[in-house]
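Accompanying notes for the structure given below.
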Amino acid sequence: MVRAVQRLLDGSALPFGCVLLALSATPAGASDLRLFTPDTLEVSGDVRIAAADGERSWLHGGFGKLRSGGDGGWKVQPQLGNATLVWQPQFAWSVSATIVGSVEGGERTQAGLSQAYLNFRPMRSSSGSAFSARAGLMWPPVSLEHTGADWHVADSITPSAINSWIGEEVRPVAAEGTFSFPAGGSRLRATAAVMAANDTSGTLLTFRGWALHDRTTLAFNGWRLPPLDGEIATIQGPITHPLVDLHGGFAHRPGYYAKVVWQPPVPVRVELFRYDNRANPRDVNNEMEWGWRTAFDNLGLVASLGGGAELKAQALQGRTRMGFAMDGRHWVDDRFRSAFLLATKPLGPFGISGRIEAFGTRNRGSIVGSDYDESGWSAMIAGKREWKHFTGLVELLHASSRREDREDFGLPQREAQTQLQAALRMHW
């Protein structure tokens, strides 16, 4: 499937406008049209109180890995978590849209468009096969921890480092198709997409490293990079915007992603995902934001353990390159990897979850070298209580990591942080 997508891209780019037109071509009957009915609108959000030690959060210009930081000691503060408005109008029985606006509080509050895409879901065939498609601004189907149109974390407050990064830097404009069908006693689902406007993915992961938080990039917003020093500070701009297309106009050099899901006749699901933004590492704009050729593979597994308990696992590894080649090496050549295990167990209206994770990066560029390498781990335990429109959550998260470049700013190489959060999540 990946080779088929690559052959498509090596020909001519699929115009996104044509896909949008095709998805909206199904005629709507009066009974199918629903624009502002109660079932097309959802409002969700959470308020929380957070206590954290360690350094200031990276969101506030520090080197802390978490959403909150302690400025050297313990700091306790109430926060607006995330507030989301989801609008899902129905244009025809098979055509709808998803438009999501968000406000994200805490350090550096921001507001904007989270997702906006069209959906096409025709009737399933009598053989059990089904096709669906969507096109627009959206997260690719990678995370095992997020759910719903508002893309909230289902079992805790903070996602893993893998899915924190997906929310930060992996959210393109894409045209995606999915085909599912029975295969013996199993079921297979295959997804392929062409995408654009994700050329800078990898910038934050390289210069800051992995992080754990539930903030996401909203359209046209950016992230401030940590302080840079040496030669790279004269080349790379201080802010990165993940939703950027650098190469000669929108969708001129599209990337792709592809996914295969296998559901055997046992309570186990296996997912394999491939992503390649096909960015040109030599492209640069006036703000000194460069193209980052980023590709990764992700393996996911979900297994039912009985009694409602589940085990989820994800492992991701990839590579990102930026800049011109010097002595056969790009200015930046960063290999990254992370993996986690998450166990969840319902207990009536209550639920508990625990997660362990390891992560790291390895830099061998001609300018950015091994002093930017990172190794680290995290552990999380969370509990929740469900009501009709409310969910209460408590989470304890610890993260420890090591980066040599921290010494350039008078900090120890090893950093350890603990964060305790309590949140009340609301949904209507």
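Letters A, B, ... mark the chains of the structure tokens in the order given; residue numbers begin at 1 per chain; ligand numbers begin at 1, in order shown.
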Handout entry: segment 304-321 of chain A environment, 7 Å, only C-alpha atoms, sequence neighbours closer than 5 positions dropped, as a ChimeraX atom specification
Key = /A:202,267-268,281,292-299,330,332-346
Grab the residues selected above and save them as a tab-separated table (two decimals), in the first residue's frame with N, CA and C atoms.
```tsv
chain	number	residue	atom	x	y	z
A	202	GLY	N	9.07	18.06	13.06
A	202	GLY	CA	10.38	17.58	13.48
A	202	GLY	C	11.23	18.65	14.12
A	267	PRO	N	-9.79	-11.02	20.77
A	267	PRO	CA	-9.88	-9.61	21.18
A	267	PRO	C	-8.54	-8.88	21.17
A	268	VAL	N	-7.93	-8.83	19.99
A	268	VAL	CA	-6.66	-8.14	19.78
A	268	VAL	C	-6.74	-7.37	18.47
A	281	PRO	N	14.50	19.33	2.60
A	281	PRO	CA	15.28	19.89	3.70
A	281	PRO	C	15.96	21.22	3.37
A	292	TRP	N	11.67	20.14	6.91
A	292	TRP	CA	12.21	19.00	7.66
A	292	TRP	C	11.65	17.72	7.03
A	293	ARG	N	12.50	16.94	6.41
A	293	ARG	CA	12.07	15.68	5.81
A	293	ARG	C	11.89	14.67	6.94
A	294	THR	N	10.65	14.46	7.33
A	294	THR	CA	10.33	13.64	8.49
A	294	THR	C	9.51	12.43	8.06
A	295	ALA	N	9.96	11.26	8.46
A	295	ALA	CA	9.26	10.01	8.19
A	295	ALA	C	9.32	9.15	9.44
A	296	PHE	N	8.25	8.42	9.72
A	296	PHE	CA	8.27	7.52	10.86
A	296	PHE	C	7.32	6.35	10.63
A	297	ASP	N	7.55	5.29	11.38
A	297	ASP	CA	6.69	4.12	11.42
A	297	ASP	C	6.16	3.96	12.83
A	298	ASN	N	4.89	3.57	12.94
A	298	ASN	CA	4.25	3.41	14.24
A	298	ASN	C	3.55	2.06	14.28
A	299	LEU	N	3.79	1.29	15.34
A	299	LEU	CA	3.13	0.01	15.56
A	299	LEU	C	2.26	0.13	16.80
A	330	HIS	N	23.32	16.14	6.38
A	330	HIS	CA	22.51	17.35	6.52
A	330	HIS	C	22.88	18.08	7.81
A	332	VAL	N	20.99	18.95	10.14
A	332	VAL	CA	20.33	18.18	11.21
A	332	VAL	C	19.97	16.81	10.66
A	333	ASP	N	20.31	15.77	11.39
A	333	ASP	CA	19.92	14.39	11.05
A	333	ASP	C	19.60	13.70	12.37
A	334	ASP	N	18.32	13.68	12.70
A	334	ASP	CA	17.86	13.24	14.01
A	334	ASP	C	17.03	11.97	13.87
A	335	ARG	N	17.45	10.92	14.54
A	335	ARG	CA	16.67	9.68	14.61
A	335	ARG	C	15.99	9.65	15.98
A	336	PHE	N	14.69	9.37	16.00
A	336	PHE	CA	13.93	9.43	17.24
A	336	PHE	C	13.11	8.17	17.42
A	337	ARG	N	12.81	7.84	18.68
A	337	ARG	CA	12.02	6.64	18.97
A	337	ARG	C	11.38	6.79	20.35
A	338	SER	N	10.27	6.10	20.52
A	338	SER	CA	9.57	6.07	21.80
A	338	SER	C	8.62	4.88	21.80
A	339	ALA	N	8.31	4.38	23.00
A	339	ALA	CA	7.37	3.26	23.13
A	339	ALA	C	6.74	3.32	24.51
A	340	PHE	N	5.47	2.89	24.60
A	340	PHE	CA	4.79	2.87	25.89
A	340	PHE	C	3.87	1.67	26.00
A	341	LEU	N	3.55	1.31	27.25
A	341	LEU	CA	2.52	0.35	27.60
A	341	LEU	C	1.51	1.05	28.50
A	342	LEU	N	0.23	0.90	28.18
A	342	LEU	CA	-0.85	1.52	28.95
A	342	LEU	C	-1.87	0.45	29.31
A	343	ALA	N	-2.15	0.29	30.60
A	343	ALA	CA	-3.15	-0.66	31.07
A	343	ALA	C	-4.31	0.11	31.69
A	344	THR	N	-5.55	-0.28	31.37
A	344	THR	CA	-6.73	0.37	31.92
A	344	THR	C	-7.68	-0.70	32.46
A	345	LYS	N	-8.42	-0.31	33.52
A	345	LYS	CA	-9.36	-1.25	34.13
A	345	LYS	C	-10.56	-0.47	34.67
A	346	PRO	N	-11.80	-0.76	34.18
A	346	PRO	CA	-12.98	-0.12	34.75
A	346	PRO	C	-13.40	-0.82	36.04
```
Surrounding residues of Asn198 of chain A excluding itself and chain neighbours under 4 positions, 8 Å, only C-alpha atoms, as a PDB file with N, CA and C atoms, in the first residue's frame:
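Here's the written file part.pdb:
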```pdb
ATOM      1  N   GLU A 169       3.043  18.439  16.276  1.00  0.00           N
ATOM      2  CA  GLU A 169       3.708  18.664  14.989  1.00  0.00           C
ATOM      3  C   GLU A 169       3.213  17.794  13.843  1.00  0.00           C
ATOM      4  N   VAL A 170       2.270  16.898  14.064  1.00  0.00           N
ATOM      5  CA  VAL A 170       1.839  15.995  12.988  1.00  0.00           C
ATOM      6  C   VAL A 170       0.346  16.182  12.767  1.00  0.00           C
ATOM      7  N   ARG A 171       0.001  17.256  12.074  1.00  0.00           N
ATOM      8  CA  ARG A 171      -1.417  17.507  11.796  1.00  0.00           C
ATOM      9  C   ARG A 171      -1.506  18.240  10.451  1.00  0.00           C
ATOM     10  N   PRO A 172      -1.575  17.487   9.343  1.00  0.00           N
ATOM     11  CA  PRO A 172      -1.540  18.083   8.013  1.00  0.00           C
ATOM     12  C   PRO A 172      -2.924  18.426   7.489  1.00  0.00           C
ATOM     13  N   VAL A 173      -2.957  19.014   6.314  1.00  0.00           N
ATOM     14  CA  VAL A 173      -4.160  19.067   5.480  1.00  0.00           C
ATOM     15  C   VAL A 173      -4.078  17.859   4.558  1.00  0.00           C
ATOM     16  N   PRO A 242       3.890  24.396  12.689  1.00  0.00           N
ATOM     17  CA  PRO A 242       3.758  23.076  12.057  1.00  0.00           C
ATOM     18  C   PRO A 242       2.878  23.062  10.814  1.00  0.00           C
ATOM     19  N   LEU A 243       1.899  23.961  10.726  1.00  0.00           N
ATOM     20  CA  LEU A 243       0.973  23.965   9.592  1.00  0.00           C
ATOM     21  C   LEU A 243       1.498  24.910   8.514  1.00  0.00           C
ATOM     22  N   VAL A 244       2.572  24.490   7.828  1.00  0.00           N
ATOM     23  CA  VAL A 244       3.248  25.319   6.837  1.00  0.00           C
ATOM     24  C   VAL A 244       3.585  24.464   5.620  1.00  0.00           C
ATOM     25  N   ASP A 245       3.403  25.039   4.425  1.00  0.00           N
ATOM     26  CA  ASP A 245       3.827  24.415   3.175  1.00  0.00           C
ATOM     27  C   ASP A 245       4.878  25.325   2.561  1.00  0.00           C
ATOM     28  N   ASN A 277       6.376  13.157   5.241  1.00  0.00           N
ATOM     29  CA  ASN A 277       5.893  14.460   4.753  1.00  0.00           C
ATOM     30  C   ASN A 277       6.576  14.890   3.459  1.00  0.00           C
TER      31      ASN A 277
END
```
Exercise for the section: Name all residues at most 6 Å from segment 39-56 of chain A (count only C-alpha atoms; drop same-chain ones fewer than 2 positions away) and give them as a ChimeraX atom specification. Expected result: /A:37,62,64,69-89,417-428
Would you save the residues of that selection, restricted to C-alpha atoms, as a PDB file, in the first residue's frame?
```
ATOM      1  CA  THR A  37     -29.781  20.854  15.398  1.00  0.00           C
ATOM      2  CA  GLY A  62      11.817  26.953  30.189  1.00  0.00           C
ATOM      3  CA  GLY A  64      10.537  21.533  31.708  1.00  0.00           C
ATOM      4  CA  GLY A  69       6.507  23.618  35.839  1.00  0.00           C
ATOM      5  CA  GLY A  70       7.744  24.579  39.262  1.00  0.00           C
ATOM      6  CA  ASP A  71      10.391  27.271  38.582  1.00  0.00           C
ATOM      7  CA  GLY A  72      12.820  25.264  40.707  1.00  0.00           C
ATOM      8  CA  GLY A  73      10.356  24.235  43.440  1.00  0.00           C
ATOM      9  CA  TRP A  74       6.758  23.091  43.817  1.00  0.00           C
ATOM     10  CA  LYS A  75       4.152  25.361  42.255  1.00  0.00           C
ATOM     11  CA  VAL A  76       0.383  24.955  42.614  1.00  0.00           C
ATOM     12  CA  GLN A  77      -2.056  26.741  40.323  1.00  0.00           C
ATOM     13  CA  PRO A  78      -5.639  26.422  39.050  1.00  0.00           C
ATOM     14  CA  GLN A  79      -5.957  26.297  35.266  1.00  0.00           C
ATOM     15  CA  LEU A  80      -8.423  26.289  32.445  1.00  0.00           C
ATOM     16  CA  GLY A  81      -7.541  23.051  30.694  1.00  0.00           C
ATOM     17  CA  ASN A  82      -9.106  22.900  27.245  1.00  0.00           C
ATOM     18  CA  ALA A  83     -12.492  24.166  26.049  1.00  0.00           C
ATOM     19  CA  THR A  84     -13.853  22.885  22.737  1.00  0.00           C
ATOM     20  CA  LEU A  85     -16.816  23.557  20.471  1.00  0.00           C
ATOM     21  CA  VAL A  86     -17.538  20.825  17.902  1.00  0.00           C
ATOM     22  CA  TRP A  87     -19.891  21.466  14.982  1.00  0.00           C
ATOM     23  CA  GLN A  88     -20.793  18.451  12.818  1.00  0.00           C
ATOM     24  CA  PRO A  89     -23.374  19.525  10.222  1.00  0.00           C
ATOM     25  CA  GLN A 417       9.846  16.390  37.198  1.00  0.00           C
ATOM     26  CA  THR A 418       6.690  15.295  38.969  1.00  0.00           C
ATOM     27  CA  GLN A 419       3.221  16.673  38.258  1.00  0.00           C
ATOM     28  CA  LEU A 420      -0.037  16.025  40.138  1.00  0.00           C
ATOM     29  CA  GLN A 421      -3.266  17.141  38.461  1.00  0.00           C
ATOM     30  CA  ALA A 422      -6.964  16.978  39.312  1.00  0.00           C
ATOM     31  CA  ALA A 423      -9.438  17.864  36.563  1.00  0.00           C
ATOM     32  CA  LEU A 424     -13.199  18.095  36.121  1.00  0.00           C
ATOM     33  CA  ARG A 425     -14.119  17.417  32.493  1.00  0.00           C
ATOM     34  CA  MET A 426     -17.555  18.493  31.187  1.00  0.00           C
ATOM     35  CA  HIS A 427     -19.348  17.397  28.024  1.00  0.00           C
ATOM     36  CA  TRP A 428     -22.729  18.303  26.456  1.00  0.00           C
TER      37      TRP A 428
END
```
Problem - From A:Ala251, A:Val302, A:Leu272, A:Ile232, residue lying nearest Met288 of chain A [only C-alpha atoms] - result: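 Nearest to Met288 of chain A: A:Ile232.
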Among the residues of segment 195-303 of chain A, find those DSSP assigns to alpha helix (DSSP H) from the backbone and print them as a PDB file with N, CA and C atoms, in the first residue's frame.
```pdb
ATOM      1  N   THR A 203      10.881  19.922  13.899  1.00  0.00           N
ATOM      2  CA  THR A 203      11.666  21.028  14.455  1.00  0.00           C
ATOM      3  C   THR A 203      11.650  20.997  15.974  1.00  0.00           C
ATOM      4  N   LEU A 204      10.464  20.981  16.547  1.00  0.00           N
ATOM      5  CA  LEU A 204      10.331  21.014  18.000  1.00  0.00           C
ATOM      6  C   LEU A 204      10.894  19.753  18.632  1.00  0.00           C
ATOM      7  N   LEU A 205      10.678  18.609  18.010  1.00  0.00           N
ATOM      8  CA  LEU A 205      11.176  17.351  18.548  1.00  0.00           C
ATOM      9  C   LEU A 205      12.698  17.343  18.612  1.00  0.00           C
ATOM     10  N   THR A 206      13.351  17.965  17.646  1.00  0.00           N
ATOM     11  CA  THR A 206      14.815  17.989  17.630  1.00  0.00           C
ATOM     12  C   THR A 206      15.373  18.949  18.661  1.00  0.00           C
ATOM     13  N   PHE A 207      14.901  20.193  18.679  1.00  0.00           N
ATOM     14  CA  PHE A 207      15.521  21.216  19.516  1.00  0.00           C
ATOM     15  C   PHE A 207      15.047  21.190  20.971  1.00  0.00           C
TER      16      PHE A 207
END
```
Exercise for the section: Select from segment 116-307 of chain A everything DSSP, run on the backbone, classes as strand (DSSP E), then give the selection as number ranges by chain. Expected result: A: 116-120, 130-137, 146-147, 152-153, 173-183, 186-196, 223-224, 239-240, 255-263, 268-276, 292-306
Problem - Exercise: Gly328 of chain A partners within 12 Å, only C-alpha atoms, chain neighbours under 5 positions left out, as a VMD selection string - result: chain A and resid 323 333 364 to 366
Practice task
Calculate how many Å separate atom CA of Gly101 of chain A from atom CA of Asp150 of chain A, rounding to one decimal.
Solution key: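 Taking atom CA of Gly101 of chain A as the start and atom CA of Asp150 of chain A as the end point, the length is 8.7 Å.
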